[in-house]
Structure formats: structure tokens, C-alpha cells
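K.L.:
Contents are mmCIF, C-alpha atoms; file name data.cif:
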data_work
#
loop_
_atom_site.label_atom_id
_atom_site.label_comp_id
_atom_site.auth_asym_id
_atom_site.auth_seq_id
_atom_site.Cartn_x
_atom_site.Cartn_y
_atom_site.Cartn_z
CA MET A 22 116.48 97.16 120.83
CA GLU A 23 119.90 97.68 122.33
CA GLY A 24 121.83 95.31 124.55
CA PHE A 25 123.01 92.61 122.20
CA GLU A 26 125.00 92.31 118.99
CA LEU A 27 123.89 90.30 116.00
CA GLU A 28 126.41 87.83 114.58
CA PRO A 29 127.50 88.18 110.93
CA GLY A 30 124.73 86.79 108.72
CA GLU A 31 122.22 86.79 111.57
CA SER A 32 118.98 88.76 111.28
CA ILE A 33 116.02 89.38 113.55
CA THR A 34 113.00 87.30 112.58
CA LEU A 35 110.59 88.39 115.30
CA LEU A 36 110.53 90.63 118.35
CA VAL A 37 107.92 89.56 120.88
CA ARG A 38 106.55 91.32 123.90
CA ARG A 39 103.82 90.24 126.27
CA HIS A 40 100.27 90.63 125.03
CA TRP A 41 98.89 94.18 125.33
CA ALA A 42 95.98 92.85 127.40
CA LEU A 43 98.42 91.97 130.17
CA LEU A 44 99.69 95.54 130.16
CA ALA A 45 96.09 96.77 130.32
CA LEU A 46 95.42 94.47 133.27
CA ARG A 47 98.51 95.83 135.00
CA LEU A 48 97.37 99.41 134.41
CA LEU A 49 93.79 98.80 135.55
CA PRO A 50 94.52 99.20 139.31
CA ASP A 51 96.34 102.46 138.57
CA PHE A 52 93.28 103.72 136.71
CA PHE A 53 90.94 102.85 139.59
CA LEU A 54 93.31 104.34 142.17
CA ALA A 55 93.36 107.54 140.15
CA ALA A 56 89.62 107.69 139.55
CA ALA A 57 88.40 106.66 143.01
CA PRO A 58 89.24 109.85 144.98
CA TYR A 59 87.72 112.07 142.30
CA ILE A 60 84.53 110.00 142.09
CA LEU A 61 84.21 109.85 145.89
CA LEU A 62 84.82 113.58 146.20
CA VAL A 63 82.28 114.53 143.57
CA SER A 64 79.67 112.04 144.77
CA PHE A 65 79.99 113.17 148.42
CA THR A 66 80.18 116.90 147.90
CA GLY A 67 78.21 117.07 144.67
CA ALA A 68 80.36 119.95 143.49
CA ALA A 69 83.61 120.61 141.67
CA PRO A 70 86.76 120.00 143.77
CA THR A 71 87.90 122.87 145.96
CA PRO A 72 91.39 124.33 145.41
CA GLU A 73 92.77 122.24 148.31
CA ALA A 74 91.20 119.11 146.84
CA ARG A 75 92.61 119.95 143.41
CA PHE A 76 96.07 120.25 144.90
CA LEU A 77 95.80 116.90 146.70
CA LEU A 78 94.28 115.21 143.65
CA GLY A 79 97.09 116.56 141.47
CA VAL A 80 99.77 115.24 143.81
CA TRP A 81 98.03 111.87 144.00
CA TRP A 82 97.59 111.62 140.23
CA LEU A 83 101.22 112.47 139.63
CA LEU A 84 102.34 109.64 141.93
CA ILE A 85 99.90 107.27 140.18
CA TRP A 86 101.17 108.41 136.76
CA ILE A 87 104.79 107.73 137.77
CA GLY A 88 103.76 104.19 138.77
CA ALA A 89 101.78 103.64 135.59
CA PHE A 90 104.57 104.90 133.35
CA SER A 91 106.98 102.58 135.15
CA HIS A 92 104.68 99.66 134.28
CA LEU A 93 104.59 100.82 130.65
CA SER A 94 108.38 101.17 130.55
CA ARG A 95 108.96 97.70 131.97
CA TYR A 96 106.45 96.24 129.53
CA TYR A 97 108.33 97.78 126.62
CA LEU A 98 111.83 96.96 127.85
CA ASN A 99 111.07 93.26 128.40
CA ALA A 100 111.15 91.30 125.15
CA TRP A 101 112.09 88.12 123.38
CA VAL A 102 113.99 88.36 120.13
CA ILE A 103 113.96 85.45 117.70
CA THR A 104 116.76 85.62 115.17
CA THR A 105 117.80 83.26 112.41
CA SER A 106 120.17 81.47 114.77
CA ARG A 107 119.08 82.01 118.40
CA ILE A 108 116.47 83.22 120.84
CA ILE A 109 117.37 86.16 123.06
CA ASP A 110 115.56 86.80 126.32
CA ILE A 111 115.73 90.41 127.54
CA ARG A 112 114.50 90.85 131.08
CA GLN A 113 114.24 94.16 132.89
CA PRO A 114 112.50 93.47 136.22
CA HIS A 115 113.47 96.88 137.63
CA PHE A 116 115.29 99.98 136.50
CA PHE A 117 119.05 99.37 136.39
CA VAL A 118 118.48 95.58 136.50
CA ARG A 119 118.77 94.09 133.02
CA ASP A 120 119.42 90.43 132.17
CA ILE A 121 120.02 89.26 128.62
CA SER A 122 120.35 85.56 127.90
CA SER A 123 120.31 83.66 124.65
CA PHE A 124 120.57 80.14 123.32
CA LEU A 125 121.18 78.73 119.90
CA LEU A 126 118.28 77.45 117.83
CA ASP A 127 120.24 74.35 116.78
CA ARG A 128 119.98 73.13 120.37
CA VAL A 129 116.17 73.27 120.34
CA GLN A 130 114.55 69.87 120.78
CA ASP A 131 110.94 70.65 121.52
CA VAL A 132 108.65 73.66 121.58
CA THR A 133 105.34 73.47 123.39
CA THR A 134 102.56 76.01 123.80
CA SER A 135 99.76 76.32 126.31
CA VAL A 136 96.79 78.66 126.54
CA ASP A 137 95.25 78.50 129.99
CA GLY A 138 91.94 80.02 130.95
CA LEU A 139 89.00 81.80 129.41
CA PHE A 140 90.64 85.23 129.32
CA ALA A 141 93.81 83.95 127.66
CA THR A 142 91.75 82.03 125.10
CA ALA A 143 89.46 84.96 124.35
CA VAL A 144 92.25 87.50 124.03
CA GLY A 145 94.76 85.14 122.45
CA PHE A 146 97.88 84.84 124.56
CA GLY A 147 99.68 81.93 126.14
CA THR A 148 102.91 80.37 127.27
CA LEU A 149 105.61 78.99 125.03
CA SER A 150 108.21 76.57 126.41
CA VAL A 151 111.38 75.66 124.58
CA GLU A 152 113.42 72.62 125.58
CA THR A 153 117.02 72.47 124.57
CA ALA A 154 119.45 69.60 124.25
CA GLY A 155 121.78 69.24 127.19
CA HIS A 156 119.78 71.55 129.42
CA THR A 157 117.18 70.42 131.91
CA GLU A 158 116.01 74.00 132.31
CA LYS A 159 113.25 75.15 129.98
CA PHE A 160 113.19 78.49 128.26
CA VAL A 161 109.75 79.91 128.92
CA MET A 162 107.94 82.88 127.37
CA THR A 163 104.80 83.75 129.30
CA GLY A 164 101.89 85.86 128.08
CA VAL A 165 103.01 86.01 124.46
CA PRO A 166 100.42 86.76 121.76
CA ASP A 167 99.58 83.90 119.41
CA PRO A 168 102.03 81.35 120.86
CA THR A 169 101.20 78.78 118.18
CA ALA A 170 102.41 81.07 115.40
CA ILE A 171 105.61 81.76 117.34
CA ARG A 172 106.17 78.03 117.87
CA ASP A 173 105.72 77.41 114.13
CA LEU A 174 108.16 80.21 113.36
CA ILE A 175 110.78 78.80 115.73
CA MET A 176 110.38 75.31 114.27
CA ARG A 177 110.72 76.71 110.74
CA GLU A 178 113.91 78.49 111.74
CA VAL A 179 115.24 75.33 113.41
CA THR A 180 114.45 73.27 110.31
CA ALA A 181 116.09 75.85 108.05
CA LEU A 182 119.15 75.83 110.29
CA HIS A 183 119.38 72.03 110.22
CA ASP A 184 118.80 71.90 106.46
CA GLY A 185 121.53 74.47 105.95
CA ALA A 186 123.93 72.50 108.13
CA ALA A 187 123.09 69.22 106.32
CA ALA A 188 123.56 70.83 102.89
CA SER A 189 126.86 72.28 104.01
CA ALA A 190 128.05 68.89 105.33
CA HIS A 191 126.89 67.19 102.11
CA SER A 192 128.74 69.65 99.88
CA ASP A 193 131.85 69.26 102.02
CA GLY A 194 131.61 65.46 101.72
CA VAL A 195 131.27 65.58 97.91
CA MET B 3 74.42 118.03 177.53
CA ASN B 4 74.13 120.28 174.50
CA PRO B 5 77.26 121.62 172.80
CA GLN B 6 78.09 125.23 173.58
CA THR B 7 79.44 126.01 170.11
CA PRO B 8 78.59 124.55 166.71
CA LEU B 9 80.91 121.84 165.40
CA HIS B 10 83.42 123.00 162.77
CA LEU B 11 85.36 120.27 161.01
CA PRO B 12 89.00 121.15 160.33
CA SER B 13 89.99 121.53 156.70
CA LEU B 14 92.45 118.66 156.60
CA PRO B 15 95.36 118.34 156.17
CA PHE B 16 96.41 121.95 156.46
CA ALA B 17 94.72 122.48 159.81
CA LEU B 18 97.28 120.00 161.17
CA SER B 19 100.27 121.81 159.72
CA LEU B 20 102.96 123.38 161.85
CA PRO B 21 102.02 126.59 163.65
CA GLY B 22 103.38 129.55 161.78
CA ALA B 23 103.53 127.71 158.44
CA SER B 24 101.03 129.04 155.94
CA PRO B 25 99.03 126.55 153.88
CA THR B 26 100.39 128.09 150.69
CA GLY B 27 103.95 127.61 151.94
CA VAL B 28 103.30 123.94 152.76
CA GLU B 29 101.69 123.39 149.37
CA SER B 30 104.56 125.07 147.55
CA LEU B 31 107.11 123.00 149.47
CA ALA B 32 105.19 119.80 148.68
CA ILE B 33 105.08 120.69 144.99
CA LEU B 34 108.80 121.47 145.00
CA LEU B 35 109.63 118.13 146.64
CA LEU B 36 107.38 116.29 144.20
CA PHE B 37 109.00 118.10 141.29
CA ILE B 38 112.48 117.07 142.46
CA ILE B 39 111.32 113.44 142.74
CA TRP B 40 109.69 113.70 139.30
CA VAL B 41 112.86 115.10 137.70
CA ALA B 42 114.97 112.28 139.18
CA TYR B 43 112.45 109.68 138.02
CA THR B 44 112.23 111.21 134.55
CA LEU B 45 116.02 111.15 134.16
CA VAL B 46 116.11 107.47 135.13
CA VAL B 47 113.26 106.50 132.83
CA ALA B 48 114.65 108.59 129.97
CA TYR B 49 117.99 106.83 130.27
CA HIS B 50 116.29 103.43 129.97
CA TRP B 51 114.05 104.38 127.07
CA ILE B 52 116.85 106.01 125.11
CA ALA B 53 119.54 103.42 125.92
CA TYR B 54 117.41 100.29 125.49
CA GLY B 55 114.13 101.32 123.90
CA GLY B 56 115.39 102.89 120.71
CA PHE B 57 116.09 106.61 120.59
CA THR B 58 113.86 107.73 117.76
CA HIS B 59 111.31 104.96 117.25
CA ARG B 60 109.64 104.82 120.63
CA GLY B 61 111.89 106.54 123.14
CA ILE B 62 111.18 110.14 122.19
CA PRO B 63 107.37 109.74 121.75
CA ALA B 64 107.12 107.85 125.05
CA LEU B 65 109.07 110.52 126.91
CA ALA B 66 107.03 113.25 125.22
CA VAL B 67 103.82 111.62 126.46
CA HIS B 68 105.29 111.27 129.94
CA ILE B 69 106.26 114.95 130.09
CA LEU B 70 102.96 116.13 128.59
CA VAL B 71 100.81 114.13 131.01
CA SER B 72 103.00 115.12 133.97
CA ALA B 73 102.85 118.80 133.01
CA THR B 74 99.06 118.66 132.78
CA ILE B 75 98.81 117.09 136.22
CA PHE B 76 101.32 119.55 137.66
CA LEU B 77 99.28 122.47 136.32
CA TYR B 78 96.12 121.00 137.83
CA ALA B 79 97.81 120.59 141.22
CA VAL B 80 99.32 124.09 141.11
CA SER B 81 95.91 125.54 140.27
CA GLY B 82 94.84 124.41 143.73
CA ILE B 83 97.47 126.48 145.50
CA SER B 84 95.68 129.51 146.89
#
Translate the structure described by the file into C-alpha cells.
P.N.:
Amino acid sequence: MEGFELEPGESITLLVRRHWALLALRLLPDFFLAAAPYILLVSFTGAAPTPEARFLLGVWWLLIWIGAFSHLSRYYLNAWVITTSRIIDIRQPHFFVRDISSFLLDRVQDVTTSVDGLFATAVGFGTLSVETAGHTEKFVMTGVPDPTAIRDLIMREVTALHDGAAASAHSDGV
Amino acid sequence: MNPQTPLHLPSLPFALSLPGASPTGVESLAILLLFIIWVAYTLVVAYHWIAYGGFTHRGIPALAVHILVSATIFLYAVSGIS
């Protein structure tokens, strides 16, 4: 994943994207838009599409495919990266629009998770909110798979970071 | 009043095309325009996948799928040009 540089001694712990079910939900309208003309054509005429219909269907499907592949690309290019020292938020809302922000794990004060709704519970995705010291704004990851495991991972990394800092301060003091 | 001649529905949309333009010519022009749009789109999406999505891991397979699916659809559409 390009777009950011790791600091010396820093390593990637986890790379998270939205749950695949959310991508499937996004692609579902494309699928129906692609299938509907063919189904209507066959059910009304009861025969294979004529050459003119094949041409129009092909043009329509190509436009639908371009839209669907754009959804797939945006799904892949949006991610959260948890490293040993920070969380990096990579957002790509459109082509040629790319925002990368990060904050240090040692500023994390609280991490909360929420799983809202039957679908989210059944499939296993939710929202993870991270509160940082000195910032009123929350860092929010929506639609991430298994948010509880990610919260535990972040808290482990925060604890390890604090323990490392305390050990370093102790050894400096002695 | 009874109609004098039987009703014949036009074969849309080519019955509405410009006089003098053959349906095959209109279809070929449409395919050409679509191909130009597709090439521009593919260049943009390839740039993003290769620059940000990892060149070898996912970028190349994703672009290969895109080109394969597009080529299949193109062939299907072209098969309709009489």
C-alpha cells in the first residue's frame, strides 16, 4: 500500500478494509441493472436477443461494468493501517482524490466498538471509534470486520508502547 | 374507422437515426466512442491500482480481470453489429 512511509523501527500490524459484505451490497444494484434488461427482453420476446438487442445490451453492460469496477477499486484503495506506533487512515473517495491522515497510538485514550443491526451482527462488521488525548474529534472506522478484535489489537499496541516508554524512562532514571 | 395499413412498430433506436446514416455506421461510431471512453477510464484506473494498490500483488490481476471482462462484453456488443 503506497502513500506513506514507515518510520525506522515501525512495522505494519494490521491492514483493514471494509467488510466484503459491504462491497457486495454496493455491487448488488449493478448486478440487477445488468440483469434486468436481459431478463425483460427474454421474458417478453421468449427468444434469444436479436443482433440489435445484443449490441445495446453490450453497450449497457460495459457501462455497468465500468461503474462496478470503480466501486471495487474504491473499496480496495480505502484502508486503515495499524502499525506499531500509529493508525493511518487512507481515504480515496474518488479517483485523483486521496487523503492520508495518521495519529500516534500513544495519544489514544479510549477505543469503542459498536455493531448496529441484524445484518451487521449476522455478517460480523461494525464501527470502531478511537478517542485521542487533546483532540475532540474522534477517529472512526466504519464497516470494519470484527471490530472487537481490532480494538483489542489497538489496545495491546498502546499498552506495549506505554510499557516500552516506561521501561525506557526507568532505565534512564537508574 | 379501421386502419388502412397494418401497424409496423419501428425498430428503435435506429429507425430514429439521421437520414442517410446506416445503422451499421451508427453502431460502429457508438462502439468507437465507447472504446475511447473505456481506454481513458482504464488508464485512470490502472494508474490508481498500480500507484496505490501494489503493482504485483493485486494491481495486475485486478487489471487483467477488468480487461478480460471488458473484452468479453465488447465482443458480445460487436457481434450485434450487422
K.L.:
Which residues, written as a list in words, have at least one atom at most 9 Å from Val144 (chain A), with only C-alpha atoms counted and residues fewer than 2 positions away on the same chain left out?
P.N.:
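Counting only C-alpha atoms, the residues come to His40, Ala42, Leu139, Phe140, Ala141, Thr142, Phe146 and Pro166 of chain A.
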K.L.:
Hey, can you check how far CA of Leu77 (chain A) sits from CA of Arg47 (chain A)?
P.N.:
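About the pair CA of Leu77 (chain A) and CA of Arg47 (chain A): they are 24.3 Å apart.
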K.L.:
Under the PyMOL selection byres ((chain A) within 8 of (chain B)), which residues of this model are included? Write them out as a list in words.
P.N.:
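So the PyMOL selection byres ((chain A) within 8 of (chain B)) ends up selecting Met22, Glu23, Gly24, Thr71, Pro72, Glu73, Ala74, Arg75, Phe76, Leu77, Leu78, Gly79, Val80, Trp82, Leu83, Trp86, Ile87, Phe90, Ser91, Ser94, Tyr97, Leu98 and Phe116 of chain A.
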K.L.:
Give as a count of residues only each residue that has an atom at most 12 Å from (112.3, 78.5, 128.6) in the file, counting all atoms listed in the file.
P.N.:
27
K.L.:
State, in Å with one decimal place, the distance from CA of Gly67 (chain A) to CA of Ala55 (chain A).
P.N.:
18.5 Å
K.L.:
Distance CA of Ile171 (chain A)-CA of Leu27 (chain A), one decimal place?
P.N.:
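Distance between the two atoms: 20.2 Å.
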K.L.:
What lies within 10 Å of Arg112 (chain A) using only C-alpha atoms, ignoring chain neighbours under 4 positions off, as a list in words?
P.N.:
Arg95, Tyr96, Leu98, Asn99, Ala100, Trp101, Val118, Arg119, Asp120, Ile121 and Ser122 of chain A
K.L.:
Looking at all atoms listed in the file, which of A:Phe52, A:Trp41, A:Phe65, A:Phe25 is the one that sits closest to Ile85 (chain A)?
P.N.:
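Smallest separation from Ile85 (chain A) among the options: A:Phe52.
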K.L.:
Can you work out which one of A:Gly145, A:Pro29, A:His92, A:Asp184 has the shortest atom-to-atom distance to Ala170 (chain A), counting only C-alpha atoms?
P.N.:
A:Gly145
